[in-house]
Structure formats: C-alpha cells, structure tokens
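Each remark here refers to the structure printed beneath this line.
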Amino acid sequence: MGSLDKLSVFISLVLRHKPDAAYITLDEHGWANVEELLNGINNTGRKIDMEILEKIVATDNKQRYSFNQDKTLIRANQGHSIPVDVELEEHEPPEFLYHGTAARFLDSIMNEGLKPMSRLYVHLSKDTETALKVGKRHGDPVILRIHSRDMYNDGYKFYLSENGVWLTKKVDVRYFEVIND
Ligand code: HQG
C-alpha cells in the first residue's frame, strides 16, 4: 500500500469510527475541522498537510470524503459507526439493489435479515459487480438481490450517500434472495 493509501485508511478510521485516534471530535453532522485534523494526524507521527489531504480527497477511488465549500471542514460521506447525521438524502430506490456478503454469514442473515452490524446502516450496491467486491472483503462472496422498490412501497426509507452508496436501516428476510451471477 502506498503512503497516501495508508493515510486514507487512517483518515477513514478517524472520520467514521474513531476521531480519538487523531485527538479530534466530530460535530453532529460528522464534520471535522480540517486544521485540527491535520494537526492531530501529524501528532500521531504521520506526515500530512493540506496539499496531501486535498489529493487524498480528490483521488479517493470511492469518493469517501467531502470538504465544505471553503475547505475548513471535512467529513466521510458514509460508512460511520458513530452516530452522526450526515444529512443523507432520501431517495426512491430502483426495483432491485444488491448486497455482497460472505457465505459464512448466510445462516445468520437468512434468520435475522440484514442488519447494520457495527455501522449505522445496511450498505447496498446498485450493481452486482460492486456487491461482489464488497462481499469479497469478508471471504467467499455471496450476492443478495434486494427487492428495494417493494420495500420502499411498504414504507421503508432509502438514502443515497454523496458517493452513490444506497443505505437503509435493515432488510427483512422476505425482501431478498441469494443470486448466482
Ligand atoms: C453482514 C465498504 C450476520 C453483512 C463497502 C456484512 C461498503 C450480517 C457484515 C461498506 C447480518 C458487515 C460497508 C446478520 C449483515 N448476521 N452478518 N444478520 N446482517 N451482516 O463492513 O456492507 O471501502 O460493516 O452482510 O464498499 O460489507 O469502507 O458492511 O458482510 O460500502 O468505503 O455483516 O464498506 O466501503 O460488514 O460494507 P460491514 P459491508 P469502504
């Protein structure tokens, strides 16, 4: 992993899960003060400045982070485990969305449905390719097809993050099936 990638992983940890790791706090909307973040990261022994941070934000392969307009604040677009309100937009989902998971979780998922586990939401993908990549992170991948439009019509809310990840609170067993492609 390159040094920018390593820094990006650390920033993702700080902005989604553990602001303490860089001696900072997030506000209720998940924003960190950029100056505090840079100082905090440097105080961990890592080296970063505004130029490097801007490069990380601009080149992130999943567009994980956003600055505010004057670049004094930064936040992760989704993926948090700490309770922040990143002002997600509610959207009507397509007919189907997909969730990539690992085979070893299936028994539990088939019993309990999809739960957010350590995060605030269940993360859903718009295509099977993306779901496959997400599933592979956990092991032997399995793809679930979610009847998202039916859920929406039944009153479940869906949100679309700034970087195109679909989010919902939970998915009951009756709304998905395992697919093989
Ligand atoms: C599973 C990456 C047992 C769930 C990706 C998943 C994504 C259950 C795991 C984002 C369960 C949680 C999120 C149940 C769900 N019993 N296991 N009832 N319900 N699970 O990492 O969706 O690179 O928190 O299937 O691209 O894998 O970080 O969620 O396997 O968008 O930006 O519990 O992370 O993005 O794992 O990934 P995670 P995820 P980033």
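By convention in this document, the chains of the structure tokens carry letters A, B, ... by their order, each chain's residues are numbered from 1, and ligands are numbered from 1 in the order they are shown.
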Chain A near ligand 1 within 8 Å: what's each residue's closest atom pair and its distance in Å to one decimal, counting only C-alpha atoms and all ligand atoms, ordered by chain then ascending residue number, as CSV?
residue,atom,partner,partner_atom_place_in_ligand_line,distance
A:Ser12,CA,ligand 1,28 (O),7.7
A:Lys62,CA,ligand 1,32 (O),6.4
A:Arg64,CA,ligand 1,32 (O),6.0
A:Gln78,CA,ligand 1,32 (O),7.5
A:Gly79,CA,ligand 1,10 (C),5.9
A:His99,CA,ligand 1,22 (O),6.8
A:Gly100,CA,ligand 1,25 (O),6.4
A:Thr101,CA,ligand 1,30 (O),4.1
A:Ala102,CA,ligand 1,30 (O),5.8
A:Phe105,CA,ligand 1,3 (C),4.7
A:Leu106,CA,ligand 1,3 (C),6.8
A:Asp107,CA,ligand 1,16 (N),7.6
A:Ser108,CA,ligand 1,16 (N),4.4
A:Ile109,CA,ligand 1,18 (N),4.1
A:Met110,CA,ligand 1,18 (N),7.4
A:Asn111,CA,ligand 1,18 (N),7.1
A:Glu112,CA,ligand 1,18 (N),4.7
A:Gly113,CA,ligand 1,18 (N),5.1
A:Leu114,CA,ligand 1,19 (N),3.7
A:Lys115,CA,ligand 1,19 (N),3.9
A:Pro116,CA,ligand 1,15 (C),5.9
A:Met117,CA,ligand 1,12 (C),5.6
A:Ser118,CA,ligand 1,24 (O),5.7
A:Arg119,CA,ligand 1,24 (O),5.5
A:Val122,CA,ligand 1,22 (O),6.1
A:His123,CA,ligand 1,22 (O),4.6
A:Leu124,CA,ligand 1,22 (O),6.8
A:Ser125,CA,ligand 1,31 (O),7.4
A:Thr130,CA,ligand 1,26 (O),7.5
A:Ala131,CA,ligand 1,26 (O),7.9
A:Lys133,CA,ligand 1,26 (O),7.4
A:Val134,CA,ligand 1,26 (O),5.0
A:Gly135,CA,ligand 1,27 (O),6.2
A:Arg137,CA,ligand 1,27 (O),7.0
A:His138,CA,ligand 1,30 (O),6.1
A:Val165,CA,ligand 1,31 (O),6.3
Could you find all residues in range 7-137 of chain A that DSSP calls strand (DSSP E or B) from the backbone, and write them as a ChimeraX atom specification?
/A:32-33,65-67,73-76,89-90,97-102,114,122-125
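If only C-alpha atoms are the atoms counted, then among A:Pro141, A:Pro83, A:Pro93, A:Gly164 the closest residue to His29 in chain A is A:Pro83.
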Tell me which of A:Tyr121, A:His80, A:Leu53, A:Asp70 sits closest to Lys18 in chain A, counting only C-alpha atoms.
A:His80
Could you pull out the residues in chain A that DSSP calls helix (DSSP H, G or I) from the backbone, as a ChimeraX atom specification?
/A:3-16,19-22,34-43,50-59,103-112,128-136,148-153,173-175
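Going from CA of Ala32 in chain A to CA of Tyr159 in chain A covers 22.2 Å.
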What separation in Å, quoted to one decimal, exists between CA of Ser81 in chain A and CA of His17 in chain A?
5.3 Å
Write out as an MDAnalysis selection string which residues come within 8 Å of Lys157 in chain A when counting only C-alpha atoms, dropping same-chain ones fewer than 2 positions away.
chainID A and resid 90:91 152 155 159 168:169
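Minimum atom-to-atom distance to Lys55 in chain A, evaluated using only C-alpha atoms, belongs to A:Ser8 out of A:Val86, A:Ser8, A:Tyr156, A:Arg145.
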From the list A:Leu4, A:Val57, A:Leu144, A:Ala22, the nearest residue to Ile41 in chain A using only C-alpha atoms is A:Ala22
Would you mind reading off the distance between CA of Trp31 in chain A and CA of Leu73 in chain A, one decimal, in Å?
5.9 Å
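Compared by their closest atoms to Gly2 in chain A, and using only C-alpha atoms, the residues A:Gln69, A:Glu87, A:Val178, A:Ile56 rank with A:Ile56 nearest.
The residue that comes closest to Ile48 in chain A, out of A:Ser3, A:Asn77, A:Asn163, A:Thr25 and on the basis of only C-alpha atoms, is A:Ser3.
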